[in-house]
Structure formats: structure tokens, C-alpha cells
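Right, one structure below, let's go through it.
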Amino acid sequence: MITLYGIKACDTVKKARAWLDEHGHAYEFHDYKTQGIAHDKLTGWVKKLGWEKVLNRAGTTFRKLPPAQQQNLDASKAIELMLAQPSMIKRPILETKGKLHAGFKAVEYQALLGSA
């Protein structure tokens with residue numbers, strides 16, 4: 001089973017969902033802005049991918065933080081920020097068959113999932 005995590009209104013998430021639909025992949029969508037994200041789940045992503053890849057530092061939510069909160073980050077601080085404001089989580093995050101992928105690029109999804 002494929003689970004796609006993201007925010008429904010995000011353009012990149014929309015592209016990922018469209019790609020999955022077009023290629024016949026059934027998936028469950030989890031909107032972490034409305035449904036939240038479990039601490040254990042987020043911690044697992046950070047352990048597997050690294051906080052630098054999971055934290056969306058390019059997004060508006062992160063950039064609006066005071067400089068003191070943006071500096072001296074580590075995994076623990078990044079997880080706290082993302083739990084407090086899920087919009088700071090990279091999107092989408094795709095989980096399938098023990099694999100985890102952050103972001104969306106069609107070529108990467110093709111390599112990871114192939115065609116259904």
C-alpha cells in the first residue's frame with residue numbers, strides 16, 4: 001500500500017497525486033495540515049531521511065520564523081518546529097513497501113514505483 005502525506009492545496013502534492021492516478025497506483029492520502037502527524041511517524045522520517053530533507057526550509061512558514069528559531073537547528077529542534085507547524089514538513093512524503101521518498105519528481109516516482 002502507498003501512503004502519500006502532504007497538504008491538499010499544495011501544487012506539488014497535486015502533481016504527485018495526479019501522477020499516481022495516471023499510472024494506476026492506489027494510495028491513501030494523509031493531509032498533515034488537517035490530520036496532524038504523529039511524533040513517532042515524524043521521528044521515523046527524520047531518522048531515515050535526515051531532518052535536513054524533511055524540514056521544508058524554503059517554504060513561507062519557515063522563512064517567517066524569527067532568525068533565532070531558524071538557527072542552530074538539529075533533529076530535535078526541527079521535529080518540534082514541524083510538529084508545531086506541519087506546513088514546515090517537506091511535501092509530499094511517500095511511503096510504500098518500507099521505502100520513503102520526500103518531494104516529487106516524476107522520474108523518481110517512476111523508478112520507485114513503476115507502472116501499476
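A note on labels: chains of the C-alpha cells are A, B, ... as shown, every chain counts residues from 1, and ligands are counted from 1 in their shown order.
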>> Using DSSP assignments from the backbone, pull out every residue in chain A that falls under strand (DSSP E) and give it to me as a count of residues only.
In response: 18
>> Env of Tyr32 (chain A): 12 Å cut, atoms = only C-alpha atoms, seq-sep filter 2 positions within chain, self excluded. Answer as a PyMOL selection string.
In response: chain A and resi 3-10+13+29-30+34-39+41-42+82-93
>> When you look at Lys53 (chain A) with a cut-off of 10 Å (counting only C-alpha atoms), what residues show up, excluding the ones that are within fewer than 5 positions of it in the same chain? I need them as a PyMOL selection string.
In response: chain A and resi 45-46+48+89-90+101-103
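By chain and then residue number, the residues within 12 Å of region 63-71 of chain A are Leu55, Asn56, Arg57, Ala58, Gly59, Thr60, Asp74, Lys77, Ala78, Glu80, Leu81, Gln85, Ser87 and Met88 of chain A, counting only C-alpha atoms and disregarding those fewer than 3 positions away in sequence.
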Write out, as a PDB file, in the first residue's frame, the residues just selected, with N, CA, C and O atoms.
ATOM      1  N   LEU A  55      12.535  18.766   6.755  1.00  0.00           N
ATOM      2  CA  LEU A  55      12.141  20.144   7.072  1.00  0.00           C
ATOM      3  C   LEU A  55      12.192  20.996   5.808  1.00  0.00           C
ATOM      4  O   LEU A  55      13.215  21.074   5.142  1.00  0.00           O
ATOM      5  N   ASN A  56      11.078  21.633   5.489  1.00  0.00           N
ATOM      6  CA  ASN A  56      10.983  22.485   4.301  1.00  0.00           C
ATOM      7  C   ASN A  56      11.422  23.905   4.660  1.00  0.00           C
ATOM      8  O   ASN A  56      10.611  24.741   5.038  1.00  0.00           O
ATOM      9  N   ARG A  57      12.714  24.154   4.526  1.00  0.00           N
ATOM     10  CA  ARG A  57      13.254  25.472   4.864  1.00  0.00           C
ATOM     11  C   ARG A  57      13.000  26.513   3.779  1.00  0.00           C
ATOM     12  O   ARG A  57      13.179  27.703   4.012  1.00  0.00           O
ATOM     13  N   ALA A  58      12.584  26.070   2.605  1.00  0.00           N
ATOM     14  CA  ALA A  58      12.311  27.011   1.513  1.00  0.00           C
ATOM     15  C   ALA A  58      10.903  27.601   1.595  1.00  0.00           C
ATOM     16  O   ALA A  58      10.594  28.582   0.927  1.00  0.00           O
ATOM     17  N   GLY A  59      10.046  27.005   2.401  1.00  0.00           N
ATOM     18  CA  GLY A  59       8.655  27.443   2.479  1.00  0.00           C
ATOM     19  C   GLY A  59       8.458  28.719   3.274  1.00  0.00           C
ATOM     20  O   GLY A  59       9.277  29.110   4.105  1.00  0.00           O
ATOM     21  N   THR A  60       7.335  29.347   3.029  1.00  0.00           N
ATOM     22  CA  THR A  60       6.979  30.604   3.684  1.00  0.00           C
ATOM     23  C   THR A  60       6.906  30.458   5.200  1.00  0.00           C
ATOM     24  O   THR A  60       7.363  31.338   5.929  1.00  0.00           O
ATOM     25  N   ASP A  74      18.833  21.253  14.928  1.00  0.00           N
ATOM     26  CA  ASP A  74      19.249  19.859  14.948  1.00  0.00           C
ATOM     27  C   ASP A  74      17.966  19.040  14.782  1.00  0.00           C
ATOM     28  O   ASP A  74      16.881  19.608  14.628  1.00  0.00           O
ATOM     29  N   LYS A  77      15.132  19.919  17.429  1.00  0.00           N
ATOM     30  CA  LYS A  77      14.502  21.226  17.204  1.00  0.00           C
ATOM     31  C   LYS A  77      13.662  21.229  15.935  1.00  0.00           C
ATOM     32  O   LYS A  77      12.575  21.815  15.907  1.00  0.00           O
ATOM     33  N   ALA A  78      14.158  20.580  14.885  1.00  0.00           N
ATOM     34  CA  ALA A  78      13.409  20.523  13.624  1.00  0.00           C
ATOM     35  C   ALA A  78      12.091  19.774  13.825  1.00  0.00           C
ATOM     36  O   ALA A  78      11.043  20.204  13.331  1.00  0.00           O
ATOM     37  N   GLU A  80      10.377  19.483  16.613  1.00  0.00           N
ATOM     38  CA  GLU A  80       9.493  20.368  17.382  1.00  0.00           C
ATOM     39  C   GLU A  80       8.818  21.396  16.475  1.00  0.00           C
ATOM     40  O   GLU A  80       7.614  21.642  16.590  1.00  0.00           O
ATOM     41  N   LEU A  81       9.592  22.012  15.587  1.00  0.00           N
ATOM     42  CA  LEU A  81       9.033  23.003  14.664  1.00  0.00           C
ATOM     43  C   LEU A  81       7.978  22.380  13.757  1.00  0.00           C
ATOM     44  O   LEU A  81       6.900  22.945  13.553  1.00  0.00           O
ATOM     45  N   GLN A  85       4.031  23.211  13.518  1.00  0.00           N
ATOM     46  CA  GLN A  85       3.526  23.782  12.267  1.00  0.00           C
ATOM     47  C   GLN A  85       3.789  22.794  11.123  1.00  0.00           C
ATOM     48  O   GLN A  85       4.825  22.870  10.461  1.00  0.00           O
ATOM     49  N   SER A  87       3.018  22.630   8.225  1.00  0.00           N
ATOM     50  CA  SER A  87       3.324  23.216   6.915  1.00  0.00           C
ATOM     51  C   SER A  87       4.826  23.243   6.656  1.00  0.00           C
ATOM     52  O   SER A  87       5.244  23.416   5.513  1.00  0.00           O
ATOM     53  N   MET A  88       5.624  23.064   7.688  1.00  0.00           N
ATOM     54  CA  MET A  88       7.077  23.051   7.521  1.00  0.00           C
ATOM     55  C   MET A  88       7.617  21.692   7.100  1.00  0.00           C
ATOM     56  O   MET A  88       8.805  21.552   6.854  1.00  0.00           O
TER      57      MET A  88
END
>> Need the shell around Ile2 (chain A): protein/DNA/RNA residues with any atom at most 12 Å away, counting only C-alpha atoms. Skip same-chain ones fewer than 3 positions apart. Format as a list of chain:residue names?
In response: A:Tyr5, A:Arg17, A:Leu20, A:Asp21, A:Gly24, A:His25, A:Ala26, A:Tyr27, A:Glu28, A:Phe29, A:His30, A:Ile93, A:Leu94, A:Glu95, A:Thr96, A:Lys97, A:Gly98, A:Lys99, A:Leu100, A:His101, A:Tyr109, A:Leu112, A:Leu113, A:Ala116
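Rounded to one decimal, CA of Glu22 (chain A) and CA of Val107 (chain A) lie 13.8 Å from each other.
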> When DSSP works through the backbone of this structure, what residues of region 26-95 of chain A end up as helix (DSSP H, G or I), shown as an NGL selection string?
Replying inline: :A and (39-49 or 51-54 or 60-63 or 67-70 or 75-84 or 86-88)
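Across the structure, CA of Ala16 (chain A) and CA of Leu49 (chain A) are spaced 19.0 Å apart.
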